[in-house]
file start-v5.tsv (TSV, C-alpha atoms and all ligand atoms)
chain	number	residue	atom	x	y	z
A	1	MET	CA	-126.05	-75.66	95.78
A	2	LYS	CA	-128.57	-74.18	98.17
A	3	ARG	CA	-131.64	-72.96	96.33
A	4	ILE	CA	-133.12	-69.57	97.12
A	5	SER	CA	-136.80	-69.12	96.33
A	6	LEU	CA	-138.45	-65.87	95.29
A	7	THR	CA	-140.20	-65.78	98.68
A	8	GLN	CA	-136.92	-66.12	100.54
A	9	TYR	CA	-135.29	-63.45	98.38
A	10	LEU	CA	-138.18	-61.07	99.09
A	11	VAL	CA	-138.23	-61.80	102.81
A	12	GLU	CA	-134.53	-60.99	102.93
A	13	GLN	CA	-135.07	-57.77	100.99
A	14	GLN	CA	-137.77	-56.85	103.50
A	15	ARG	CA	-136.04	-57.94	106.68
A	16	ARG	CA	-132.36	-57.28	106.11
A	17	GLN	CA	-132.24	-54.54	103.58
A	18	GLY	CA	-135.46	-52.69	104.33
A	19	HIS	CA	-135.98	-52.34	100.61
A	20	ILE	CA	-139.55	-53.52	100.55
A	21	THR	CA	-142.63	-53.42	102.72
A	22	PRO	CA	-144.78	-56.48	103.47
A	23	GLN	CA	-147.42	-55.10	101.08
A	24	LEU	CA	-144.88	-54.78	98.27
A	25	ARG	CA	-143.67	-58.29	98.95
A	26	LEU	CA	-147.20	-59.62	98.58
A	27	LEU	CA	-147.65	-57.60	95.40
A	28	ILE	CA	-144.53	-59.04	93.78
A	29	GLU	CA	-145.48	-62.58	94.80
A	30	VAL	CA	-148.94	-62.15	93.30
A	31	VAL	CA	-147.51	-60.75	90.05
A	32	ALA	CA	-145.06	-63.66	89.92
A	33	ARG	CA	-147.92	-66.10	90.45
A	34	SER	CA	-149.88	-64.44	87.64
A	35	CYS	CA	-146.88	-64.82	85.34
A	36	LYS	CA	-146.78	-68.52	86.17
A	37	GLN	CA	-150.41	-68.78	85.11
A	38	ILE	CA	-149.75	-66.82	81.89
A	39	ALA	CA	-146.76	-69.09	81.19
A	40	ILE	CA	-149.05	-72.11	81.36
A	41	SER	CA	-151.43	-70.57	78.78
A	42	VAL	CA	-148.53	-69.50	76.55
A	43	SER	CA	-147.02	-72.97	76.56
A	44	LYS	CA	-150.30	-74.65	75.62
A	45	GLY	CA	-150.44	-72.72	72.35
A	46	ALA	CA	-152.89	-74.16	69.84
A	47	LEU	CA	-153.81	-76.94	72.31
A	48	GLY	CA	-155.23	-74.30	74.63
A	49	ASP	CA	-156.83	-72.29	71.81
A	50	VAL	CA	-154.81	-69.23	72.86
A	51	LEU	CA	-153.21	-68.33	69.54
A	52	GLY	CA	-154.46	-65.81	67.01
A	53	SER	CA	-156.39	-62.58	67.06
A	54	ALA	CA	-159.21	-61.61	69.40
A	55	GLU	CA	-160.61	-59.39	66.59
A	56	THR	CA	-160.76	-56.39	68.96
A	57	GLU	CA	-158.73	-53.18	69.11
A	58	ASN	CA	-157.06	-51.69	72.18
A	59	VAL	CA	-156.74	-48.00	73.08
A	60	GLN	CA	-153.49	-47.83	71.10
A	61	GLY	CA	-155.39	-48.76	67.93
A	62	GLU	CA	-153.62	-52.14	67.79
A	63	MET	CA	-155.42	-55.41	67.10
A	64	GLN	CA	-155.49	-57.50	70.26
A	65	LYS	CA	-154.35	-61.09	70.31
A	66	LYS	CA	-156.22	-63.62	72.44
A	67	LEU	CA	-153.23	-63.82	74.77
A	68	ASP	CA	-153.15	-60.01	75.25
A	69	ILE	CA	-156.63	-60.29	76.74
A	70	ILE	CA	-156.02	-63.51	78.68
A	71	ALA	CA	-152.85	-62.13	80.28
A	72	ASN	CA	-154.59	-58.86	81.16
A	73	GLU	CA	-157.44	-60.72	82.87
A	74	VAL	CA	-155.07	-62.99	84.79
A	75	LEU	CA	-153.19	-59.99	86.19
A	76	ILE	CA	-156.33	-58.08	87.15
A	77	GLU	CA	-158.06	-61.02	88.81
A	78	ALA	CA	-154.98	-62.07	90.76
A	79	ASN	CA	-154.17	-58.57	92.00
A	80	GLU	CA	-157.50	-56.97	92.86
A	81	TRP	CA	-158.36	-58.73	96.12
A	82	GLY	CA	-155.10	-58.90	98.11
A	83	GLY	CA	-155.32	-55.46	99.71
A	84	HIS	CA	-151.93	-54.40	98.35
A	85	LEU	CA	-153.18	-52.20	95.51
A	86	ALA	CA	-155.21	-49.06	95.04
A	87	ALA	CA	-155.44	-49.34	91.24
A	88	MET	CA	-153.94	-50.86	88.11
A	89	ALA	CA	-153.24	-49.65	84.58
A	90	SER	CA	-152.51	-51.70	81.49
A	91	GLU	CA	-151.62	-51.39	77.84
A	92	GLU	CA	-154.88	-53.17	77.13
A	93	MET	CA	-157.20	-50.83	79.08
A	94	GLU	CA	-157.95	-47.22	78.25
A	95	GLY	CA	-158.47	-45.99	81.80
A	96	ILE	CA	-157.19	-47.07	85.18
A	97	TYR	CA	-158.75	-50.04	86.99
A	98	VAL	CA	-159.58	-49.02	90.54
A	99	VAL	CA	-159.70	-51.88	93.07
A	100	PRO	CA	-163.43	-52.55	93.67
A	101	ASN	CA	-164.97	-51.36	96.95
A	102	ARG	CA	-165.56	-54.89	98.19
A	103	PHE	CA	-161.81	-55.33	98.61
A	104	PRO	CA	-159.44	-53.42	100.91
A	105	GLN	CA	-157.37	-50.71	99.23
A	106	GLY	CA	-153.60	-50.85	99.39
A	107	GLU	CA	-150.96	-48.18	98.93
A	108	TYR	CA	-149.48	-49.30	95.61
A	109	LEU	CA	-150.27	-48.76	91.93
A	110	LEU	CA	-149.44	-51.48	89.42
A	111	LEU	CA	-148.87	-50.91	85.71
A	112	PHE	CA	-148.30	-53.63	83.14
A	113	ASP	CA	-147.86	-54.63	79.57
A	114	PRO	CA	-149.59	-58.00	80.03
A	115	LEU	CA	-148.18	-59.52	76.87
A	116	ASP	CA	-145.17	-57.93	75.22
A	117	GLY	CA	-144.10	-58.97	71.76
A	118	SER	CA	-147.58	-59.93	70.56
A	119	SER	CA	-146.38	-60.36	66.98
A	120	ASN	CA	-144.25	-63.28	68.20
A	121	ILE	CA	-147.08	-65.26	69.85
A	122	ASP	CA	-148.15	-67.20	66.79
A	123	VAL	CA	-144.60	-67.92	65.62
A	124	ASN	CA	-143.57	-69.51	68.93
A	125	ALA	CA	-140.83	-66.97	69.68
A	126	SER	CA	-140.12	-65.41	73.08
A	127	ILE	CA	-142.69	-63.04	74.55
A	128	GLY	CA	-143.12	-61.53	78.01
A	129	THR	CA	-144.99	-59.55	80.66
A	130	ILE	CA	-143.60	-56.22	81.91
A	131	PHE	CA	-144.64	-54.53	85.17
A	132	SER	CA	-143.95	-51.37	87.12
A	133	VAL	CA	-144.93	-50.54	90.70
A	134	LEU	CA	-145.56	-47.02	91.97
A	135	LYS	CA	-146.73	-45.79	95.33
A	136	LYS	CA	-149.95	-43.86	95.60
A	137	PRO	CA	-148.74	-40.29	96.22
A	138	ASP	CA	-148.42	-39.14	99.82
A	139	GLY	CA	-151.27	-36.99	101.01
A	140	SER	CA	-153.79	-38.80	98.82
A	141	ALA	CA	-154.58	-41.45	101.45
A	142	GLY	CA	-158.30	-41.89	101.82
A	143	GLU	CA	-158.97	-40.03	98.57
A	144	ALA	CA	-160.27	-41.81	95.51
A	145	VAL	CA	-157.40	-42.89	93.32
A	146	ALA	CA	-157.21	-41.10	89.97
A	147	GLU	CA	-155.23	-41.37	86.77
A	148	ALA	CA	-153.19	-38.33	87.87
A	149	ASP	CA	-151.78	-40.43	90.74
A	150	PHE	CA	-150.05	-42.62	88.16
A	151	LEU	CA	-148.31	-39.76	86.37
A	152	GLN	CA	-145.04	-40.01	88.28
A	153	PRO	CA	-141.56	-40.17	86.80
A	154	GLY	CA	-139.93	-43.61	86.63
A	155	THR	CA	-137.48	-42.70	89.40
A	156	GLY	CA	-140.42	-43.20	91.78
A	157	GLN	CA	-140.87	-46.88	90.94
A	158	ALA	CA	-140.82	-49.09	94.04
A	159	ALA	CA	-140.19	-52.17	91.93
A	160	ALA	CA	-140.07	-53.19	88.29
A	161	GLY	CA	-139.72	-56.44	86.44
A	162	TYR	CA	-140.58	-58.66	83.58
A	163	CYS	CA	-141.26	-62.29	82.93
A	164	ILE	CA	-139.90	-63.87	79.76
A	165	TYR	CA	-141.75	-66.83	78.26
A	166	GLY	CA	-138.93	-68.41	76.29
A	167	PRO	CA	-137.08	-71.72	76.28
A	168	GLN	CA	-136.97	-71.05	80.02
A	169	THR	CA	-139.56	-69.01	81.87
A	170	MET	CA	-137.72	-66.39	83.90
A	171	LEU	CA	-138.68	-63.54	86.19
A	172	VAL	CA	-136.34	-60.55	86.28
A	173	LEU	CA	-136.83	-58.18	89.17
A	174	THR	CA	-135.50	-55.06	90.77
A	175	VAL	CA	-136.64	-53.50	94.04
A	176	GLY	CA	-133.99	-50.81	93.69
A	177	ASN	CA	-131.23	-53.02	95.03
A	178	GLY	CA	-129.69	-54.52	91.88
A	179	VAL	CA	-131.27	-56.97	89.48
A	180	ALA	CA	-132.12	-60.59	90.26
A	181	MET	CA	-133.24	-63.35	87.89
A	182	PHE	CA	-135.43	-66.28	88.86
A	183	THR	CA	-136.01	-69.35	86.72
A	184	LEU	CA	-139.30	-71.20	86.93
A	185	ASP	CA	-138.80	-74.77	88.09
A	186	ARG	CA	-141.78	-76.33	86.33
A	187	GLU	CA	-141.78	-79.57	88.31
A	188	GLN	CA	-142.00	-77.71	91.60
A	189	GLY	CA	-143.87	-74.70	90.26
A	190	ALA	CA	-141.33	-72.54	92.08
A	191	TRP	CA	-139.35	-69.42	91.15
A	192	THR	CA	-135.71	-70.09	91.98
A	193	LEU	CA	-132.97	-67.47	92.12
A	194	THR	CA	-130.50	-68.22	89.34
A	195	HIS	CA	-128.60	-64.91	88.93
A	196	ASP	CA	-128.16	-61.95	91.26
A	197	GLY	CA	-126.40	-58.60	91.00
A	198	LEU	CA	-126.52	-58.56	87.20
A	199	LYS	CA	-124.14	-56.15	85.46
A	200	ILE	CA	-124.29	-55.12	81.82
A	201	PRO	CA	-120.86	-54.50	80.26
A	202	ALA	CA	-120.34	-50.80	79.42
A	203	ASP	CA	-119.12	-51.62	75.91
A	204	THR	CA	-120.71	-53.82	73.30
A	205	LYS	CA	-120.53	-54.82	69.64
A	206	GLU	CA	-124.20	-55.70	69.24
A	207	PHE	CA	-127.12	-53.42	68.42
A	208	ALA	CA	-130.88	-54.02	68.18
A	209	ILE	CA	-133.12	-51.88	66.01
A	210	ASN	CA	-135.86	-52.52	63.46
A	211	MET	CA	-133.75	-51.79	60.35
A	212	SER	CA	-136.81	-51.77	58.09
A	213	ASN	CA	-137.61	-48.30	59.47
A	214	GLN	CA	-134.20	-46.90	58.54
A	215	ARG	CA	-135.37	-44.40	55.95
A	216	HIS	CA	-137.78	-42.83	58.48
A	217	TRP	CA	-135.22	-42.19	61.25
A	218	ALA	CA	-133.90	-38.80	62.35
A	219	PRO	CA	-130.28	-37.90	61.41
A	220	PRO	CA	-128.71	-38.76	64.83
A	221	VAL	CA	-130.05	-42.32	64.65
A	222	GLN	CA	-129.01	-42.60	60.99
A	223	ARG	CA	-125.50	-41.53	61.99
A	224	TYR	CA	-125.21	-43.87	64.96
A	225	ILE	CA	-126.37	-46.95	63.04
A	226	ALA	CA	-124.41	-46.07	59.89
A	227	GLU	CA	-121.24	-45.97	62.00
A	228	CYS	CA	-122.05	-49.36	63.54
A	229	LEU	CA	-122.66	-50.81	60.07
A	230	ALA	CA	-119.40	-49.36	58.73
A	231	GLY	CA	-117.61	-51.61	61.23
A	232	THR	CA	-113.84	-51.77	60.99
A	233	THR	CA	-113.91	-49.53	57.93
A	234	GLY	CA	-115.66	-46.68	59.80
A	235	PRO	CA	-115.00	-44.37	62.76
A	236	ARG	CA	-115.89	-47.06	65.32
A	237	GLY	CA	-113.05	-49.30	64.14
A	238	LYS	CA	-114.88	-52.50	65.11
A	239	ASP	CA	-117.52	-54.73	63.55
A	240	PHE	CA	-121.00	-54.85	65.06
A	241	ASN	CA	-123.51	-57.68	65.10
A	242	MET	CA	-127.28	-57.10	64.91
A	243	ARG	CA	-130.25	-58.75	66.64
A	244	TRP	CA	-133.95	-57.84	66.56
A	245	ILE	CA	-136.40	-60.22	68.23
A	246	ALA	CA	-139.34	-57.74	68.11
A	247	SER	CA	-140.20	-58.50	71.75
A	248	MET	CA	-138.73	-55.78	73.93
A	249	VAL	CA	-138.62	-58.29	76.78
A	250	ALA	CA	-136.48	-60.72	74.78
A	251	ASP	CA	-134.18	-57.98	73.43
A	252	VAL	CA	-133.70	-56.51	76.92
A	253	HIS	CA	-133.11	-59.97	78.33
A	254	ARG	CA	-130.30	-60.57	75.86
A	255	ILE	CA	-128.76	-57.21	76.73
A	256	LEU	CA	-128.89	-58.03	80.46
A	257	THR	CA	-127.23	-61.34	79.73
A	258	ARG	CA	-124.41	-60.29	77.42
A	259	GLY	CA	-124.64	-56.54	76.77
A	260	GLY	CA	-125.86	-54.63	73.73
A	261	VAL	CA	-127.82	-51.54	72.81
A	262	PHE	CA	-131.53	-51.39	71.95
A	263	LEU	CA	-133.13	-48.54	70.05
A	264	TYR	CA	-136.75	-47.84	69.22
A	265	PRO	CA	-136.45	-44.23	68.12
A	266	TRP	CA	-138.96	-41.63	66.99
A	267	ASP	CA	-139.48	-41.80	63.26
A	268	ARG	CA	-141.22	-39.92	60.48
A	269	ARG	CA	-143.99	-42.42	59.90
A	270	GLU	CA	-146.05	-40.90	62.72
A	271	PRO	CA	-144.18	-37.72	63.60
A	272	GLU	CA	-146.67	-36.64	66.27
A	273	LYS	CA	-145.83	-39.74	68.34
A	274	ALA	CA	-142.67	-39.56	70.47
A	275	GLY	CA	-141.96	-43.21	69.68
A	276	LYS	CA	-143.65	-46.60	69.50
A	277	LEU	CA	-143.03	-47.88	73.00
A	278	ARG	CA	-145.06	-46.76	75.96
A	279	LEU	CA	-143.32	-44.86	78.76
A	280	MET	CA	-145.13	-46.06	81.84
A	281	TYR	CA	-145.33	-49.83	81.40
A	282	GLU	CA	-142.59	-50.59	78.87
A	283	ALA	CA	-139.79	-47.99	78.94
A	284	ASN	CA	-139.86	-47.07	82.65
A	285	PRO	CA	-139.67	-50.57	84.14
A	286	MET	CA	-137.06	-51.63	81.59
A	287	SER	CA	-135.03	-48.46	82.22
A	288	LEU	CA	-135.00	-49.08	85.97
A	289	ILE	CA	-133.84	-52.66	85.44
A	290	ILE	CA	-131.16	-51.55	82.97
A	291	GLU	CA	-129.89	-48.78	85.26
A	292	GLN	CA	-129.87	-51.13	88.24
A	293	ALA	CA	-127.62	-53.38	86.15
A	294	CYS	CA	-125.21	-50.48	85.48
A	295	GLY	CA	-126.58	-49.72	82.00
A	296	ALA	CA	-128.25	-46.52	80.80
A	297	ALA	CA	-131.56	-45.52	79.22
A	298	THR	CA	-132.46	-42.25	77.48
A	299	ASN	CA	-134.92	-40.91	74.95
A	300	GLY	CA	-131.98	-39.40	73.03
A	301	ARG	CA	-132.12	-36.19	75.04
A	302	GLN	CA	-132.78	-37.09	78.66
A	303	ARG	CA	-132.81	-39.97	81.08
A	304	ILE	CA	-136.07	-41.88	80.60
A	305	LEU	CA	-136.62	-42.25	84.35
A	306	ASP	CA	-136.69	-38.45	84.75
A	307	ILE	CA	-139.54	-37.89	82.29
A	308	VAL	CA	-142.71	-36.61	83.95
A	309	PRO	CA	-145.56	-38.38	82.15
A	310	GLY	CA	-148.41	-36.31	80.81
A	311	ARG	CA	-150.64	-39.27	79.99
A	312	LEU	CA	-151.03	-42.89	80.99
A	313	HIS	CA	-150.38	-44.26	77.50
A	314	GLU	CA	-147.67	-41.74	76.60
A	315	ARG	CA	-145.09	-42.97	74.11
A	316	VAL	CA	-141.38	-42.41	74.20
A	317	SER	CA	-138.29	-42.84	72.08
A	318	VAL	CA	-135.97	-45.43	73.64
A	319	ILE	CA	-132.21	-46.01	73.64
A	320	LEU	CA	-131.08	-48.43	76.33
A	321	GLY	CA	-128.38	-50.92	77.23
A	322	SER	CA	-124.58	-50.81	77.49
A	323	LYS	CA	-123.68	-47.47	79.00
A	324	ASN	CA	-121.02	-46.22	76.59
A	325	GLU	CA	-123.15	-46.94	73.52
A	326	VAL	CA	-126.24	-45.28	75.01
A	327	GLU	CA	-124.14	-42.24	75.90
A	328	ARG	CA	-122.70	-42.09	72.39
A	329	ALA	CA	-126.09	-42.33	70.68
A	330	THR	CA	-127.48	-39.73	73.10
A	331	THR	CA	-124.59	-37.35	72.37
A	332	TYR	CA	-125.36	-37.59	68.66
A	333	HIS	CA	-128.86	-36.34	69.47
A	334	THR	CA	-127.81	-33.55	71.81
A	335	ASP	CA	-125.04	-32.42	69.41
A	336	ALA	CA	-127.58	-32.20	66.60
A	337	ALA	CA	-130.00	-30.09	68.66
A	401	LIG	P1	-146.57	-55.06	72.30
A	401	LIG	O1	-146.59	-56.45	71.75
A	401	LIG	O2	-146.78	-55.01	73.78
A	401	LIG	O3	-147.47	-54.11	71.56
A	401	LIG	O4	-145.08	-54.48	72.17
A	401	LIG	C1	-144.36	-54.69	70.99
A	401	LIG	C2	-143.21	-53.76	70.97
A	401	LIG	C3	-141.94	-54.28	71.59
A	401	LIG	O5	-142.05	-55.42	72.33
A	401	LIG	C4	-141.02	-54.52	70.42
A	401	LIG	O6	-139.72	-54.13	70.74
A	401	LIG	C5	-141.59	-53.70	69.31
A	401	LIG	O7	-142.93	-53.44	69.64
A	401	LIG	C6	-141.51	-54.38	67.98
A	401	LIG	O8	-141.86	-53.49	67.01
A	401	LIG	P2	-141.73	-53.83	65.44
A	401	LIG	O9	-142.95	-54.64	65.13
A	401	LIG	O10	-141.72	-52.46	64.81
A	401	LIG	O11	-140.45	-54.58	65.20
A	402	MN	MN	-145.02	-54.23	74.65
A	403	MN	MN	-148.43	-55.78	74.96
call {"tool": "encode", "arguments": {"input": "start-v5.tsv", "output": "structure tokens"}}
result
Amino acid sequence: MKRISLTQYLVEQQRRQGHITPQLRLLIEVVARSCKQIAISVSKGALGDVLGSAETENVQGEMQKKLDIIANEVLIEANEWGGHLAAMASEEMEGIYVVPNRFPQGEYLLLFDPLDGSSNIDVNASIGTIFSVLKKPDGSAGEAVAEADFLQPGTGQAAAGYCIYGPQTMLVLTVGNGVAMFTLDREQGAWTLTHDGLKIPADTKEFAINMSNQRHWAPPVQRYIAECLAGTTGPRGKDFNMRWIASMVADVHRILTRGGVFLYPWDRREPEKAGKLRLMYEANPMSLIIEQACGAATNGRQRILDIVPGRLHERVSVILGSKNEVERATTYHTDAA
């Protein structure tokens, strides 16, 4: 079988389809190269002294792991000099990181969750990196880039993707023209296209939610999950299976591969927060990927990609995956309103 590399895929997207610009192609290649470097650190584990806590807190008030910081630094260093970016934003940094003056400024903005699923690092379970690419708004050329430039709805993403560090290291990408998966060939150090045009089945019998939060959920989520759990004896008339990896990347990857529905809803533990997951570098890129694979993603009331962010680190309630299940769970919310 003829192998297609990430570079070849991107050149074709640029040349034939007109989906990406040369600058965006460079950006994606640099992010993919960063993920390769992060994958090397991840796989070294204790041998590379990368496990455990860094004993520092990020802006979200979460303890940082060593790998959260390593991955963040890898992405910043790799992306700041190429001339393809104006600024970056990350889960691990409070403010935006403007490309230093000594480098040329590009037209794109890059957002990332450098290391997703931090609680899985030390137990050797799958983790990932999530990224989202926006364009610096028109009319702001020449002006200093500001946090406000990032506050665009997810529909404006020029590209989105994630890398999963699992039994295989894979890069999953959309440039708005379907979803492609690349597997890292470790001997050659090359990303090779292994799936293209991914489609999530509209129906599923598998849900993913952190069940330990059940008593804190709102009634629509209680209803939806109770009906799944009732299986053949309930209104759904079929048995459901459950999975929860606690890495959004790994849960989304399973859903892309065989269908399913993922929920991280608002709950009563911290009622002032819309949810646990962050809109701009977790929910938005994943929602674009899921929609591009014929799935759906809402916050229970509206399409996630339509939300206009008010803040860089804004949180959001998330329901995503197989279309018919997402629609059902969303209807339970809108009916209850
Ligand atoms: P992060 O490691 O980037 O902070 O994200 C963790 C997120 C997400 O990956 C996962 O779905 C969820 O948090 C797990 O939450 P629980 O610990 O509540 O299961
Ligand atoms: Mn995360
Ligand atoms: Mn993270």
call {"tool": "closest_residue", "arguments": {"input": "start-v5.tsv", "among": "A:Gly52, A:Val308, A:Met1, A:Ala39", "to": "A:Leu184", "atoms": "all atoms listed in the file"}}
result
A:Ala39
call {"tool": "residues_around", "arguments": {"input": "start-v5.tsv", "residues": "stretch 134-138 of chain A", "least_positions_apart": "2", "cutoff": "9 Å", "atoms": "all atoms listed in the file", "output": "VMD selection string"}}
result
chain A and resid 85 to 87 106 to 111 132 140 to 141 145 149 to 150 152 154 156 to 159
call {"tool": "residues_near_ligand", "arguments": {"input": "start-v5.tsv", "ligand": "ligand MN 402 (chain A)", "cutoff": "6 Å", "atoms": "all atoms listed in the file", "output": "list in words"}}
result
Asp113, Asp116 and Gly117 of chain A
call {"tool": "residues_near_ligand", "arguments": {"input": "start-v5.tsv", "ligand": "ligand LIG 401 (chain A)", "cutoff": "7 Å", "atoms": "only C-alpha atoms and all ligand atoms", "output": "PyMOL selection string"}}
result
chain A and resi 113+115-119+210+246-249+276-277
call {"tool": "closest_residue", "arguments": {"input": "start-v5.tsv", "among": "A:Ile304, A:Met93, A:Ile200, A:Ala54", "to": "A:His253", "atoms": "all atoms listed in the file"}}
result
A:Ile200
call {"tool": "atom_distance", "arguments": {"input": "start-v5.tsv", "atom1": "atom CA of A:Ala144", "atom2": "atom CA of A:Gln105"}}
result
10.1 Å
